[in-house]
Amino acid sequence: MLDATVPALSLGALLALVQIVSIGVAGRRLGRSHGPSRFPDGAPVSLVRPLHGIEAYSEEMLTRSFRLDYPSYELIFCVADPGDPIVPMVRRLIAAHPRVPARLILGDERLCENPKLNNCLRGWRAAAHDWVVLADSNVAMPPDYLQRLQAAWRDDTGLVCSTPAGARPGSFMAEVECAFLNTLQARWQYAAEAFGLGFAQGKSMLWHKPFLEAQGGLQALAAEIAEDAAATKLVRAAGKRVHLVASPFEQPLGPRGFQEVWARQLRWARLRRVTFPLFFAPEIGSGVLLPALLIALWAGSFTGLVGAAGLAGLCYAAEHRLAIRAGWHRSPRLLAAFLVRDALIPAIWLGAWMQSAIVWRGNAMDVRPRRAAEARPYAPTA
């Protein structure tokens, strides 16, 4: 019988090379722009923030909305339920910052199964300006937030967005979520964009309102269960590209338990599996641990085990270097977070194929692909 160590380690080296190349490409892309911006200088912007409930850093995140260093912008806060506990906080912050044009819109419209899209619809219609940013409630906006989004706008741009960078973890599982968000998911997203395969991320989205209206308006994003997947397909169909900001904006996590991290990652995985199945299929190998274990088992020798461990260590060291390069969260527990993350990836991947039901903000949803008639957005009669 031929010794399996050599072919096993050869395959391992190839897989490690793919990981390291993606890390290198992302590292070169982060912090850099694709040339001069084509965004109109000083154009007024409408900033729409859908809200639901009070989160760990709600007051800080909303206060940042009023402290942007930009000459002309309006704030529109959207809350579906008038009884939501976030409402008094929003009203207090609006009263405390009278110099920033801001308003609160209560109630949503049943556009589709996506509660965030339903919540944004009235805010989108109320936006006074041609440039509109849709930003989640947990995005930590720096003072130059709008300028950084605008800097990525090019002649071929249909949408500028930002993946979240996990920050301020308050527990070990929150560090695991940082490992998912940063050196795994953000890394692959920036690497894909560098090769012309940019795809949307719903955390922060800069739209030119006339462009999206010409494609069917915000209602067109109801064609998919996830608005960012619909945005990606819409922009590509229009012959445009999705571009990313030079560096992603932070999302403070606070303390998180296993169940919370598991449920969130499983929900996102199921959405990716339904909306982009061909891209989702190889995700089982997106981490390092599973390929390394398979290589070690195939080799069936101590040399193979040592070699696989060495290749995994090399990949994790490159990930850590990327975190340093990007200024992302790092701690002495980061290697343990990498290992736990990669141990969860196969289970999450399998779970995404086995079920189609998700729960999002208390809403039970079926993410299975719908027939064209079922996918048609809801049109209110008044």
# chains A, B, ... in the order shown; residues from 1 in each chain; ligands from 1

call {"tool": "residues_around", "arguments": {"residues": "segment 287-289 of chain A", "least_positions_apart": "3", "cutoff": "10 Å", "atoms": "only C-alpha atoms", "output": "MDAnalysis selection string"}}
result
chainID A and resid 12 15:16 19 180 184 283:284 292:295 308:309 311:316 338:346

call {"tool": "residues_around", "arguments": {"residues": "Gly53 of chain A", "least_positions_apart": "2", "cutoff": "12 Å", "atoms": "only C-alpha atoms", "output": "mmCIF file with N, CA and C atoms, in the first residue's frame"}}
result
data_model
loop_
_atom_site.group_PDB
_atom_site.id
_atom_site.type_symbol
_atom_site.label_atom_id
_atom_site.label_comp_id
_atom_site.auth_asym_id
_atom_site.auth_seq_id
_atom_site.Cartn_x
_atom_site.Cartn_y
_atom_site.Cartn_z
ATOM 1 N N PRO A 50 -33.470 51.328 11.030
ATOM 2 C CA PRO A 50 -34.555 50.520 11.605
ATOM 3 C C PRO A 50 -34.173 50.044 13.001
ATOM 4 N N LEU A 51 -35.103 50.131 13.933
ATOM 5 C CA LEU A 51 -34.827 49.782 15.330
ATOM 6 C C LEU A 51 -35.837 48.763 15.830
ATOM 7 N N GLU A 55 -30.799 47.187 22.917
ATOM 8 C CA GLU A 55 -29.651 46.286 22.903
ATOM 9 C C GLU A 55 -28.589 46.801 23.881
ATOM 10 N N ALA A 56 -27.507 46.050 24.016
ATOM 11 C CA ALA A 56 -26.475 46.366 25.019
ATOM 12 C C ALA A 56 -25.919 47.778 24.848
ATOM 13 N N TYR A 57 -25.752 48.237 23.612
ATOM 14 C CA TYR A 57 -25.127 49.528 23.374
ATOM 15 C C TYR A 57 -26.059 50.479 22.622
ATOM 16 N N SER A 58 -27.355 50.332 22.788
ATOM 17 C CA SER A 58 -28.321 51.104 21.998
ATOM 18 C C SER A 58 -28.111 52.609 22.116
ATOM 19 N N GLU A 59 -27.998 53.117 23.333
ATOM 20 C CA GLU A 59 -27.896 54.575 23.483
ATOM 21 C C GLU A 59 -26.636 55.120 22.824
ATOM 22 N N CYS A 78 -36.848 54.257 12.335
ATOM 23 C CA CYS A 78 -38.067 53.502 12.032
ATOM 24 C C CYS A 78 -38.278 52.439 13.108
ATOM 25 N N VAL A 79 -39.453 52.445 13.717
ATOM 26 C CA VAL A 79 -39.801 51.468 14.742
ATOM 27 C C VAL A 79 -41.171 50.897 14.395
ATOM 28 N N ALA A 80 -41.245 49.594 14.233
ATOM 29 C CA ALA A 80 -42.500 48.967 13.797
ATOM 30 C C ALA A 80 -43.588 49.044 14.856
ATOM 31 N N ASP A 81 -43.217 48.812 16.112
ATOM 32 C CA ASP A 81 -44.197 48.747 17.203
ATOM 33 C C ASP A 81 -44.153 50.034 18.020
ATOM 34 N N PRO A 82 -45.240 50.821 18.056
ATOM 35 C CA PRO A 82 -45.247 52.059 18.849
ATOM 36 C C PRO A 82 -44.962 51.835 20.326
ATOM 37 N N GLY A 83 -45.185 50.618 20.820
ATOM 38 C CA GLY A 83 -44.922 50.317 22.217
ATOM 39 C C GLY A 83 -43.524 49.806 22.481
ATOM 40 N N ASP A 84 -42.663 49.792 21.490
ATOM 41 C CA ASP A 84 -41.298 49.298 21.645
ATOM 42 C C ASP A 84 -40.556 50.144 22.690
ATOM 43 N N PRO A 85 -39.810 49.521 23.601
ATOM 44 C CA PRO A 85 -39.095 50.290 24.636
ATOM 45 C C PRO A 85 -38.018 51.213 24.100
ATOM 46 N N ILE A 86 -37.625 51.076 22.831
ATOM 47 C CA ILE A 86 -36.624 51.961 22.262
ATOM 48 C C ILE A 86 -37.196 53.340 21.955
ATOM 49 N N VAL A 87 -38.520 53.462 21.841
ATOM 50 C CA VAL A 87 -39.167 54.707 21.407
ATOM 51 C C VAL A 87 -38.846 55.879 22.342
ATOM 52 N N PRO A 88 -39.007 55.761 23.666
ATOM 53 C CA PRO A 88 -38.667 56.905 24.531
ATOM 54 C C PRO A 88 -37.211 57.347 24.395
ATOM 55 N N MET A 89 -36.293 56.398 24.218
ATOM 56 C CA MET A 89 -34.890 56.755 24.055
ATOM 57 C C MET A 89 -34.678 57.570 22.794
ATOM 58 N N VAL A 90 -35.295 57.155 21.692
ATOM 59 C CA VAL A 90 -35.151 57.876 20.429
ATOM 60 C C VAL A 90 -35.700 59.294 20.562
ATOM 61 N N SER A 137 -29.147 49.070 13.652
ATOM 62 C CA SER A 137 -29.092 49.771 14.935
ATOM 63 C C SER A 137 -27.784 49.552 15.679
ATOM 64 N N ASN A 138 -27.062 48.465 15.392
ATOM 65 C CA ASN A 138 -25.849 48.153 16.153
ATOM 66 C C ASN A 138 -24.560 48.485 15.408
ATOM 67 N N ARG A 361 -35.833 38.007 15.159
ATOM 68 C CA ARG A 361 -36.512 39.025 15.963
ATOM 69 C C ARG A 361 -37.927 38.607 16.339
ATOM 70 N N GLY A 362 -38.054 37.343 16.729
ATOM 71 C CA GLY A 362 -39.336 36.831 17.168
ATOM 72 C C GLY A 362 -40.265 36.412 16.051
#

call {"tool": "residues_around", "arguments": {"residues": "Ala296 of chain A", "least_positions_apart": "5", "cutoff": "12 Å", "atoms": "only C-alpha atoms", "output": "list in words"}}
result
Ala4, Thr5, Val6, Pro7, Ala8, Leu9, Ser10, Leu11, Gly12, Leu289, Leu290, Pro291, Ser301, Phe302, Thr303, Gly304, Leu305, Val306, Gly307, Ala308, Ala309, Gly310, Leu311 and Ala312 of chain A

call {"tool": "closest_atom_pairs", "arguments": {"of": "segment 193-259 of chain A", "to": "segment 324-332 of chain A", "cutoff": "12 Å", "atoms": "only C-alpha atoms", "output": "CSV"}}
result
residue,atom,partner,partner_atom,distance
A:Ala246,CA,A:Ala326,CA,10.3
A:Ser247,CA,A:Ala326,CA,7.7
A:Pro248,CA,A:Ala326,CA,9.2
A:Phe249,CA,A:Trp328,CA,10.3
A:Glu250,CA,A:Trp328,CA,8.8
A:Gln251,CA,A:Trp328,CA,10.9
A:Pro252,CA,A:His329,CA,10.4
A:Leu253,CA,A:His329,CA,11.1

call {"tool": "select_by_dssp", "arguments": {"residues": "segment 111-236 of chain A", "states": "alpha helix (DSSP H)", "output": "PyMOL selection string"}}
result
chain A and resi 115-126+145-150+172-180+187-194+209-214+227-236
